[in-house]
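What follows is the content of structure_27.txt, which has compact mmCIF, C-alpha atoms:
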# COMPACT_ATOMS: atom_id res chain seq x y z
CA MET C 235 -129.92 36.20 62.51
CA GLN C 236 -129.96 35.00 58.93
CA TYR C 237 -127.05 33.78 56.88
CA ARG C 238 -125.94 32.20 53.66
CA ARG C 239 -122.74 30.51 52.61
CA PHE C 240 -120.85 31.48 49.44
CA GLY C 241 -117.81 29.22 48.99
CA ASN C 242 -115.64 29.59 52.09
CA THR C 243 -117.49 32.72 53.21
CA TYR C 244 -120.60 33.18 55.31
CA MET C 245 -122.54 36.40 54.98
CA VAL C 246 -124.40 36.85 58.24
CA ARG C 247 -127.10 39.38 59.03
CA ILE C 248 -127.57 39.84 62.76
CA ASP C 249 -130.80 41.60 63.63
CA LEU C 250 -132.08 44.33 65.94
CA GLY C 251 -131.78 43.37 69.60
CA GLU C 252 -129.60 40.29 69.06
CA GLU C 253 -126.33 40.01 70.97
CA ILE C 254 -123.45 39.53 68.53
CA MET C 255 -121.18 37.24 70.61
CA ASP C 256 -124.07 34.88 71.40
CA GLN C 257 -125.28 34.75 67.81
CA LEU C 258 -121.80 34.10 66.51
CA LYS C 259 -121.23 31.24 68.98
CA LYS C 260 -124.55 29.74 67.98
CA LEU C 261 -123.68 30.01 64.29
CA CYS C 262 -120.30 28.33 64.85
CA GLU C 263 -122.01 25.45 66.65
CA ASP C 264 -124.84 25.07 64.12
CA GLU C 265 -122.50 25.23 61.11
CA SER C 266 -119.48 23.51 62.72
CA ILE C 267 -117.23 26.49 62.03
CA ARG C 268 -113.95 25.84 63.83
CA LEU C 269 -111.61 28.44 62.37
CA GLY C 270 -112.17 31.72 60.63
CA ARG C 271 -111.78 35.42 60.27
CA VAL C 272 -114.61 37.82 61.11
CA GLU C 273 -115.31 41.29 59.69
CA ALA C 274 -118.44 43.32 60.10
CA ILE C 275 -120.03 46.73 60.04
CA GLY C 276 -123.46 47.77 61.29
CA ALA C 277 -125.06 49.48 64.23
CA ALA C 278 -125.28 48.69 67.94
CA ASN C 279 -127.53 50.06 70.66
CA GLN C 280 -125.59 48.61 73.58
CA ALA C 281 -121.97 47.62 73.98
CA VAL C 282 -119.55 46.64 76.68
CA ILE C 283 -116.00 47.11 75.41
CA GLY C 284 -112.83 46.75 77.42
CA VAL C 285 -109.18 47.63 77.58
CA TYR C 286 -107.08 44.98 79.30
CA ASP C 287 -105.03 45.70 82.38
CA LEU C 288 -101.93 43.49 82.53
CA GLU C 289 -101.54 44.07 86.28
CA THR C 290 -105.01 43.11 87.46
CA LYS C 291 -105.51 40.76 84.48
CA GLU C 292 -108.98 42.15 83.99
CA TYR C 293 -110.68 44.31 81.42
CA HIS C 294 -111.49 47.91 82.35
CA SER C 295 -114.80 48.07 80.64
CA GLU C 296 -116.96 50.83 79.32
CA LYS C 297 -120.68 50.24 78.93
CA ILE C 298 -122.40 52.33 76.28
CA ASN C 299 -126.19 52.42 76.02
CA GLU C 300 -127.03 54.40 72.94
CA PHE C 301 -127.35 53.92 69.21
CA MET C 302 -123.93 53.75 67.57
CA GLU C 303 -122.51 52.94 64.17
CA ILE C 304 -120.18 49.92 64.29
CA THR C 305 -117.36 51.46 62.28
CA SER C 306 -115.23 48.32 62.48
CA LEU C 307 -115.69 44.89 64.01
CA ASN C 308 -112.79 42.55 63.37
CA GLY C 309 -111.54 39.35 64.86
CA ASN C 310 -111.45 35.61 64.67
CA ILE C 311 -112.96 32.26 65.53
CA THR C 312 -110.72 29.62 67.09
CA GLU C 313 -111.37 26.89 69.67
CA MET C 314 -110.72 26.46 73.38
CA ASP C 315 -111.64 23.39 75.42
CA GLY C 316 -113.45 21.98 72.39
CA LYS C 317 -115.76 24.97 72.05
CA PRO C 318 -115.87 27.90 69.61
CA TYR C 319 -113.96 30.89 70.94
CA ILE C 320 -114.88 34.30 69.57
CA HIS C 321 -112.41 37.19 69.80
CA LEU C 322 -113.57 40.54 68.44
CA HIS C 323 -112.41 44.14 68.67
CA ALA C 324 -114.58 47.06 67.67
CA THR C 325 -114.69 50.77 67.03
CA LEU C 326 -118.01 52.53 67.45
CA ALA C 327 -119.21 56.06 66.63
CA ASP C 328 -121.90 57.46 68.92
CA GLN C 329 -124.62 60.08 68.34
CA HIS C 330 -122.15 62.87 69.15
CA HIS C 331 -119.69 61.43 66.63
CA ALA C 332 -117.33 60.40 69.43
CA VAL C 333 -115.44 57.21 68.67
CA HIS C 334 -115.12 54.39 71.21
CA GLY C 335 -113.02 51.27 70.89
CA GLY C 336 -111.88 48.09 72.59
CA HIS C 337 -112.20 44.38 73.10
CA VAL C 338 -115.83 43.30 72.69
CA LEU C 339 -117.35 41.86 75.85
CA GLU C 340 -120.93 42.33 74.71
CA MET C 341 -122.63 44.07 71.79
CA ARG C 342 -126.27 44.26 70.90
CA VAL C 343 -127.41 45.10 67.36
CA GLY C 344 -129.12 48.50 66.97
CA ALA C 345 -130.43 48.13 63.41
CA THR C 346 -128.47 45.51 61.47
CA CYS C 347 -125.03 43.95 61.54
CA GLU C 348 -123.51 42.81 58.24
CA MET C 349 -120.83 40.24 58.87
CA PHE C 350 -118.45 38.19 56.73
CA ILE C 351 -116.91 35.03 58.14
CA THR C 352 -114.11 33.57 56.05
CA VAL C 353 -113.76 29.93 57.08
CA LEU C 354 -110.29 28.38 57.12
CA ASP C 355 -109.75 24.67 56.77
CA GLY C 356 -108.00 23.59 59.97
CA GLU C 357 -108.08 24.25 63.66
CA VAL C 358 -106.29 26.53 66.10
CA ASN C 359 -106.68 26.16 69.83
CA ARG C 360 -106.07 28.63 72.60
CA ARG C 361 -104.18 28.05 75.82
CA LYS C 362 -104.15 30.37 78.79
CA ASP C 363 -100.86 32.17 79.27
CA LYS C 364 -100.46 32.49 83.04
CA GLU C 365 -98.21 35.54 82.99
CA LEU C 366 -100.42 37.54 80.63
CA GLY C 367 -103.69 36.10 81.87
CA ILE C 368 -104.97 35.83 78.31
CA ASN C 369 -105.74 32.93 76.00
CA LEU C 370 -103.15 32.74 73.22
CA TRP C 371 -103.33 31.03 69.85
CA THR C 372 -101.32 27.78 69.90
CA PHE C 373 -100.13 26.19 66.67
CA MET Z 131 -93.74 35.32 66.50
CA GLN Z 132 -95.34 32.04 65.53
CA TYR Z 133 -97.40 31.30 62.46
CA ARG Z 134 -99.11 28.65 60.42
CA ARG Z 135 -100.40 28.58 56.88
CA PHE Z 136 -103.94 27.48 56.01
CA GLY Z 137 -104.43 27.53 52.22
CA ASN Z 138 -103.71 31.08 51.04
CA THR Z 139 -103.91 32.48 54.58
CA TYR Z 140 -101.26 32.83 57.26
CA MET Z 141 -102.38 33.12 60.86
CA VAL Z 142 -99.62 34.95 62.68
CA ARG Z 143 -99.24 35.41 66.41
CA ILE Z 144 -96.86 38.25 67.25
CA ASP Z 145 -95.72 38.20 70.85
CA LEU Z 146 -95.18 40.58 73.76
CA GLY Z 147 -92.41 43.09 73.07
CA GLU Z 148 -92.05 42.30 69.37
CA GLU Z 149 -92.29 45.15 66.86
CA ILE Z 150 -95.01 44.43 64.32
CA MET Z 151 -93.47 46.04 61.20
CA ASP Z 152 -90.16 44.24 61.75
CA GLN Z 153 -91.79 40.88 62.37
CA LEU Z 154 -93.98 41.23 59.32
CA LYS Z 155 -91.01 42.10 57.08
CA LYS Z 156 -89.13 39.10 58.45
CA LEU Z 157 -92.11 36.83 57.81
CA CYS Z 158 -92.44 38.07 54.22
CA GLU Z 159 -88.77 37.36 53.60
CA ASP Z 160 -88.78 33.93 55.28
CA GLU Z 161 -91.98 32.81 53.53
CA SER Z 162 -91.44 34.68 50.24
CA ILE Z 163 -94.73 36.54 50.59
CA ARG Z 164 -94.83 39.17 47.85
CA LEU Z 165 -98.43 40.31 47.80
CA GLY Z 166 -101.19 40.18 50.36
CA ARG Z 167 -103.76 41.73 52.59
CA VAL Z 168 -103.20 42.14 56.32
CA GLU Z 169 -105.79 42.27 59.12
CA ALA Z 170 -105.14 42.04 62.83
CA ILE Z 171 -106.37 42.79 66.30
CA GLY Z 172 -104.46 42.59 69.57
CA ALA Z 173 -102.75 44.86 72.06
CA ALA Z 174 -99.79 47.23 71.86
CA ASN Z 175 -97.73 48.89 74.56
CA GLN Z 176 -95.96 51.34 72.30
CA ALA Z 177 -96.92 52.89 69.00
CA VAL Z 178 -95.81 55.65 66.69
CA ILE Z 179 -98.66 56.56 64.37
CA GLY Z 180 -98.74 59.40 61.90
CA VAL Z 181 -100.96 61.62 59.83
CA TYR Z 182 -99.36 62.72 56.57
CA ASP Z 183 -98.80 66.36 55.70
CA LEU Z 184 -98.96 66.92 51.95
CA GLU Z 185 -97.08 70.22 52.23
CA THR Z 186 -94.04 69.08 54.18
CA LYS Z 187 -94.36 65.52 52.80
CA GLU Z 188 -93.73 64.15 56.27
CA TYR Z 189 -95.80 62.36 58.86
CA HIS Z 190 -96.90 64.30 61.94
CA SER Z 191 -96.43 61.51 64.38
CA GLU Z 192 -97.83 60.74 67.80
CA LYS Z 193 -95.87 58.43 70.09
CA ILE Z 194 -97.94 56.55 72.64
CA ASN Z 195 -96.29 54.63 75.45
CA GLU Z 196 -99.02 52.79 77.26
CA PHE Z 197 -100.98 49.59 76.99
CA MET Z 198 -103.64 49.86 74.28
CA GLU Z 199 -106.06 47.57 72.52
CA ILE Z 200 -105.40 47.39 68.79
CA THR Z 201 -108.98 47.86 67.66
CA SER Z 202 -108.10 47.59 63.99
CA LEU Z 203 -104.89 47.01 62.07
CA ASN Z 204 -105.39 46.82 58.32
CA GLY Z 205 -103.18 47.10 55.31
CA ASN Z 206 -101.18 45.34 52.69
CA ILE Z 207 -97.94 43.79 51.57
CA THR Z 208 -96.52 44.83 48.20
CA GLU Z 209 -92.95 45.28 46.94
CA MET Z 210 -90.64 48.20 46.37
CA ASP Z 211 -87.08 47.97 45.03
CA GLY Z 212 -87.31 44.18 45.26
CA LYS Z 213 -88.12 44.18 48.97
CA PRO Z 214 -91.33 43.58 50.91
CA TYR Z 215 -93.16 46.83 51.61
CA ILE Z 216 -95.56 46.88 54.54
CA HIS Z 217 -98.30 49.50 54.71
CA LEU Z 218 -100.56 49.43 57.78
CA HIS Z 219 -103.08 51.76 59.38
CA ALA Z 220 -104.34 51.30 62.91
CA THR Z 221 -106.85 52.42 65.47
CA LEU Z 222 -105.95 51.98 69.13
CA ALA Z 223 -107.94 52.37 72.37
CA ASP Z 224 -105.93 53.47 75.39
CA GLN Z 225 -106.48 52.94 79.13
CA HIS Z 226 -108.79 55.96 79.26
CA HIS Z 227 -110.81 54.56 76.35
CA ALA Z 228 -109.57 57.32 74.08
CA VAL Z 229 -109.15 56.21 70.48
CA HIS Z 230 -106.04 57.03 68.45
CA GLY Z 231 -105.45 56.35 64.79
CA GLY Z 232 -103.09 56.75 61.88
CA HIS Z 233 -100.44 55.34 59.61
CA VAL Z 234 -98.29 52.84 61.50
CA LEU Z 235 -94.66 53.90 61.78
CA GLU Z 236 -93.90 51.56 64.68
CA MET Z 237 -95.95 49.33 66.95
CA ARG Z 238 -94.82 47.03 69.71
CA VAL Z 239 -97.02 44.20 70.94
CA GLY Z 240 -98.39 44.61 74.49
CA ALA Z 241 -99.83 41.12 75.01
CA THR Z 242 -100.53 39.40 71.71
CA CYS Z 243 -101.29 40.34 68.13
CA GLU Z 244 -103.53 38.03 66.10
CA MET Z 245 -102.95 38.60 62.40
CA PHE Z 246 -104.31 37.16 59.18
CA ILE Z 247 -102.35 37.55 55.96
CA THR Z 248 -104.24 36.61 52.82
CA VAL Z 249 -101.65 35.92 50.14
CA LEU Z 250 -102.43 36.88 46.54
CA ASP Z 251 -100.77 35.20 43.61
CA GLY Z 252 -98.96 37.98 41.74
CA GLU Z 253 -96.92 41.06 42.44
CA VAL Z 254 -97.56 44.76 42.80
CA ASN Z 255 -94.74 47.25 43.01
CA ARG Z 256 -94.68 50.76 44.38
CA ARG Z 257 -93.21 53.84 42.77
CA LYS Z 258 -92.65 57.17 44.47
CA ASP Z 259 -95.02 59.87 43.30
CA LYS Z 260 -92.98 63.07 43.42
CA GLU Z 261 -95.92 65.44 43.85
CA LEU Z 262 -97.49 63.51 46.70
CA GLY Z 263 -94.23 62.28 48.18
CA ILE Z 264 -95.72 58.86 48.76
CA ASN Z 265 -95.17 55.44 47.25
CA LEU Z 266 -98.14 54.45 45.08
CA TRP Z 267 -99.22 51.03 43.88
CA THR Z 268 -98.30 50.55 40.22
CA PHE Z 269 -100.06 47.96 38.08
CA MET U 1183 -108.63 54.85 39.63
CA GLN U 1184 -106.57 51.91 38.51
CA TYR U 1185 -107.08 48.28 39.36
CA ARG U 1186 -106.02 44.75 38.72
CA ARG U 1187 -107.62 41.40 39.46
CA PHE U 1188 -105.80 38.59 41.25
CA GLY U 1189 -108.02 35.51 41.44
CA ASN U 1190 -111.20 36.53 43.31
CA THR U 1191 -109.63 39.77 44.55
CA TYR U 1192 -109.40 43.20 42.99
CA MET U 1193 -106.69 45.55 44.17
CA VAL U 1194 -107.96 49.05 43.49
CA ARG U 1195 -106.02 52.29 43.71
CA ILE U 1196 -108.30 55.30 43.94
CA ASP U 1197 -106.50 58.56 43.25
CA LEU U 1198 -106.28 62.10 44.61
CA GLY U 1199 -109.56 63.98 44.26
CA GLU U 1200 -111.68 60.97 43.28
CA GLU U 1201 -114.82 60.23 45.27
CA ILE U 1202 -114.70 56.69 46.64
CA MET U 1203 -118.41 55.75 46.47
CA ASP U 1204 -118.66 56.91 42.84
CA GLN U 1205 -115.50 55.12 41.79
CA LEU U 1206 -116.58 51.92 43.48
CA LYS U 1207 -120.00 52.00 41.80
CA LYS U 1208 -118.32 52.58 38.44
CA LEU U 1209 -115.93 49.68 39.04
CA CYS U 1210 -118.80 47.35 39.96
CA GLU U 1211 -120.60 48.28 36.76
CA ASP U 1212 -117.53 48.01 34.52
CA GLU U 1213 -116.43 44.69 35.99
CA SER U 1214 -119.90 43.27 36.72
CA ILE U 1215 -119.12 42.83 40.41
CA ARG U 1216 -122.37 41.86 42.12
CA LEU U 1217 -121.26 40.67 45.54
CA GLY U 1218 -118.17 41.29 47.59
CA ARG U 1219 -116.36 42.46 50.66
CA VAL U 1220 -114.46 45.76 50.69
CA GLU U 1221 -111.45 46.74 52.81
CA ALA U 1222 -109.24 49.75 52.36
CA ILE U 1223 -106.82 52.17 53.93
CA GLY U 1224 -105.55 55.46 52.56
CA ALA U 1225 -106.11 59.16 52.98
CA ALA U 1226 -109.07 61.47 52.42
CA ASN U 1227 -109.32 65.23 52.15
CA GLN U 1228 -113.08 65.44 52.43
CA ALA U 1229 -115.63 63.18 54.03
CA VAL U 1230 -119.27 63.16 54.98
CA ILE U 1231 -119.90 60.47 57.56
CA GLY U 1232 -123.09 59.83 59.45
CA VAL U 1233 -124.63 58.21 62.47
CA TYR U 1234 -128.15 56.95 61.89
CA ASP U 1235 -131.10 58.19 63.91
CA LEU U 1236 -133.77 55.50 64.23
CA GLU U 1237 -136.43 58.08 65.11
CA THR U 1238 -136.01 60.46 62.20
CA LYS U 1239 -134.69 57.67 59.93
CA GLU U 1240 -131.95 60.00 58.73
CA TYR U 1241 -128.22 60.22 59.16
CA HIS U 1242 -126.83 62.92 61.44
CA SER U 1243 -123.86 63.74 59.31
CA GLU U 1244 -120.52 65.33 59.96
CA LYS U 1245 -118.65 66.96 57.08
CA ILE U 1246 -114.89 67.10 57.44
CA ASN U 1247 -112.79 69.16 55.06
CA GLU U 1248 -109.19 68.43 55.90
CA PHE U 1249 -106.54 65.86 55.13
CA MET U 1250 -107.12 62.69 57.14
CA GLU U 1251 -105.72 59.19 57.26
CA ILE U 1252 -108.37 56.58 56.47
CA THR U 1253 -107.58 54.25 59.36
CA SER U 1254 -110.25 51.76 58.35
CA LEU U 1255 -112.74 51.53 55.52
CA ASN U 1256 -114.82 48.36 55.58
CA GLY U 1257 -118.00 47.22 54.01
CA ASN U 1258 -119.66 45.37 51.22
CA ILE U 1259 -121.10 45.32 47.73
CA THR U 1260 -124.58 43.90 47.23
CA GLU U 1261 -127.43 44.81 44.87
CA MET U 1262 -130.65 46.75 45.12
CA ASP U 1263 -133.12 47.31 42.30
CA GLY U 1264 -130.66 45.67 39.91
CA LYS U 1265 -127.88 48.11 40.66
CA PRO U 1266 -124.68 47.82 42.72
CA TYR U 1267 -125.21 48.97 46.30
CA ILE U 1268 -122.15 50.09 48.23
CA HIS U 1269 -122.21 50.12 52.03
CA LEU U 1270 -119.07 51.35 53.78
CA HIS U 1271 -118.13 52.45 57.29
CA ALA U 1272 -114.96 54.34 58.08
CA THR U 1273 -112.70 55.63 60.79
CA LEU U 1274 -110.54 58.64 60.02
CA ALA U 1275 -107.69 60.35 61.89
CA ASP U 1276 -107.36 64.08 61.33
CA GLN U 1277 -104.36 66.43 61.55
CA HIS U 1278 -104.89 66.81 65.31
CA HIS U 1279 -104.94 63.02 65.67
CA ALA U 1280 -108.64 63.11 66.55
CA VAL U 1281 -110.52 60.06 65.31
CA HIS U 1282 -113.86 60.35 63.47
CA GLY U 1283 -116.12 57.52 62.43
CA GLY U 1284 -119.40 56.58 60.84
CA HIS U 1285 -121.36 55.46 57.82
CA VAL U 1286 -119.77 56.79 54.63
CA LEU U 1287 -122.00 59.19 52.71
CA GLU U 1288 -119.15 60.69 50.70
CA MET U 1289 -115.36 60.47 50.79
CA ARG U 1290 -112.81 62.06 48.52
CA VAL U 1291 -109.27 60.71 48.28
CA GLY U 1292 -106.56 62.94 49.75
CA ALA U 1293 -103.49 61.12 48.44
CA THR U 1294 -104.26 57.50 47.62
CA CYS U 1295 -106.73 54.84 48.66
CA GLU U 1296 -105.60 51.20 48.61
CA MET U 1297 -108.60 48.92 48.40
CA PHE U 1298 -109.17 45.18 48.27
CA ILE U 1299 -112.45 43.82 46.93
CA THR U 1300 -112.99 40.12 47.53
CA VAL U 1301 -115.61 38.98 45.04
CA LEU U 1302 -118.09 36.31 46.09
CA ASP U 1303 -119.84 34.10 43.57
CA GLY U 1304 -123.55 34.78 44.06
CA GLU U 1305 -125.90 37.63 44.68
CA VAL U 1306 -127.51 39.27 47.68
CA ASN U 1307 -130.21 41.87 47.34
CA ARG U 1308 -131.39 44.52 49.74
CA ARG U 1309 -134.94 45.35 50.67
CA LYS U 1310 -136.06 48.39 52.61
CA ASP U 1311 -137.21 47.61 56.13
CA LYS U 1312 -140.00 50.08 56.81
CA GLU U 1313 -139.66 50.10 60.59
CA LEU U 1314 -135.92 50.66 60.56
CA GLY U 1315 -135.87 52.78 57.44
CA ILE U 1316 -132.76 50.98 56.21
CA ASN U 1317 -132.02 48.56 53.41
CA LEU U 1318 -131.38 45.08 54.80
CA TRP U 1319 -129.62 42.12 53.21
CA THR U 1320 -132.16 39.55 52.04
CA PHE U 1321 -131.18 35.92 51.44
Here is the file; what I need is its structure written in the form of structure tokens.
Amino acid sequence: MQYRRFGNTYMVRIDLGEEIMDQLKKLCEDESIRLGRVEAIGAANQAVIGVYDLETKEYHSEKINEFMEITSLNGNITEMDGKPYIHLHATLADQHHAVHGGHVLEMRVGATCEMFITVLDGEVNRRKDKELGINLWTF
Amino acid sequence: MQYRRFGNTYMVRIDLGEEIMDQLKKLCEDESIRLGRVEAIGAANQAVIGVYDLETKEYHSEKINEFMEITSLNGNITEMDGKPYIHLHATLADQHHAVHGGHVLEMRVGATCEMFITVLDGEVNRRKDKELGINLWTF
Amino acid sequence: MQYRRFGNTYMVRIDLGEEIMDQLKKLCEDESIRLGRVEAIGAANQAVIGVYDLETKEYHSEKINEFMEITSLNGNITEMDGKPYIHLHATLADQHHAVHGGHVLEMRVGATCEMFITVLDGEVNRRKDKELGINLWTF
């Protein structure tokens, strides 16, 4: 991973073999990023993406082990329990041009990932909603 | 719906059962937002998304009534006839990991929707283009 | 193509029949845009999108010749060899509501394309990585 800050925006290059969620958490800690918006494109060679199930309160996940274009990767950085909390959704196009999508549980870079983080001045925490089983923004 | 403003950016949480287009129109009216960019992720449990037909000048719409991840939700806020005009496109991943996409005619939140609105200082109106049958940005 | 600047953001309307990559390059040259983030929605009537193959170092491309909603179009403007370098990924929904996605090699507007370019103050160049065969951001 390499990055550079331009005003309120970080341009981040995540490299072949690096796991995106891990790298992003590390960046938030190193640069004290507490709140922001994330947008990226690139390529992955492994991804675990999920669709939530409100009944079981778990993600039904799909693991994909092939080279894919990251056609969109959007989400945000907030905080929970004093730590950076990364929430990303993705769409991916595989070698057969089939499109996959979901909540990102894990994603490993397949060539490069070109990410923009727009930092906001403030903080937003998350609190677990017991009925939904998910961690909601609290203002 | 709950929201908070950070500089030129609103972070908006739209809640279970709320219809996104309605909530966004209400927010624009309450906060006098006239121009902006919209980006969100989240989950929906009902959506009507369309693909335009230039011949009939109508949307061929697909109604989906199941829990889905909103893998991308992008668009903009402009004005038409003095009122906020919301234009959003979405991709959605359903329980079978199939991906749907189109112009958003209606979308109801299935768990939470995490939205960023970047407000621009100015105004852009729309005018109906008779040949296309759609409402174009006018500068 | 028509456009207007609001602060650090260009709102760009690309019109029926215009090719998006060409128009964007032209805009960057005319307005001396050297670095930025690109986000758009709209409709296309022709697209060539690819998925990269690390072995052959070429894009396996898919050419689609029908009216489609551009459900997401994200990417960035950097520079290479002193010229604007446009890198965009897209997802597209066709008339049968099937979703396509990949790296944009070519895309022609089918009705309108509504684009935001957020200009950053600085410059980022690309350099070809020989092992990957792709042009990486260099800081």
- Message: Please check the contacts: residues of chain C at most 7 Å away from chain Z, using all atoms listed in the file, listed as a list in words.
- Response: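 The answer, sorted by residue number, is Val285, Asn308, Gly309, His323, Ala324, Thr325, Val333, His334, Gly335, Gly336, His337, Leu354, Asp355, Gly356, Leu366, Trp371 and Phe373 of chain C.
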Within 6 Å of (-98.2, 53.1, 61.1) in the file's own coordinates, which protein, DNA or RNA residues have an atom, counting all atoms listed in the file? List them as a PDB file with C-alpha atoms, in the coordinates of the input.
ATOM      1  CA  ILE Z 179     -98.660  56.560  64.370  1.00  0.00           C
ATOM      2  CA  LEU Z 218    -100.560  49.430  57.780  1.00  0.00           C
ATOM      3  CA  HIS Z 219    -103.080  51.760  59.380  1.00  0.00           C
ATOM      4  CA  HIS Z 233    -100.440  55.340  59.610  1.00  0.00           C
ATOM      5  CA  VAL Z 234     -98.290  52.840  61.500  1.00  0.00           C
ATOM      6  CA  LEU Z 235     -94.660  53.900  61.780  1.00  0.00           C
ATOM      7  CA  GLU Z 236     -93.900  51.560  64.680  1.00  0.00           C
TER       8      GLU Z 236
END
Within 12 Å of U:Lys1312 using only C-alpha atoms, minus same-chain residues under 6 positions, as an mmCIF file with C-alpha atoms, keeping the file's coordinate frame:
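Generated file (part.cif):
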data_model
loop_
_atom_site.group_PDB
_atom_site.id
_atom_site.type_symbol
_atom_site.label_atom_id
_atom_site.label_comp_id
_atom_site.auth_asym_id
_atom_site.auth_seq_id
_atom_site.Cartn_x
_atom_site.Cartn_y
_atom_site.Cartn_z
ATOM 1 C CA ALA C 345 -130.430 48.130 63.410
ATOM 2 C CA LEU U 1236 -133.770 55.500 64.230
ATOM 3 C CA LYS U 1239 -134.690 57.670 59.930
ATOM 4 C CA LEU U 1318 -131.380 45.080 54.800
#
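One finds atom CA of C:Ile351 at 12.3 Å from atom CA of U:Gly1218.
The space separating atom CA of Z:Gln153 from atom CA of Z:Pro214 comes to 11.8 Å.
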- Message: As an exercise, work out the distance from atom CA of U:Val1230 to atom CA of U:Tyr1267 in Å and give it to one decimal place.
- Response: 17.7 Å
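Each of C:Thr372, C:Met314, C:Asn299, C:Tyr244 was compared to C:Ile267 using all atoms listed in the file, and C:Tyr244 turns out to be the nearest.
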- Message: Show me the residues close to (-124.5, 43.7, 50.3) - anything with an atom within 7 Å, counting all atoms listed in the file - and format the list as number ranges by chain.
- Response: U: 1217, 1258-1261, 1267, 1306-1308, 1319
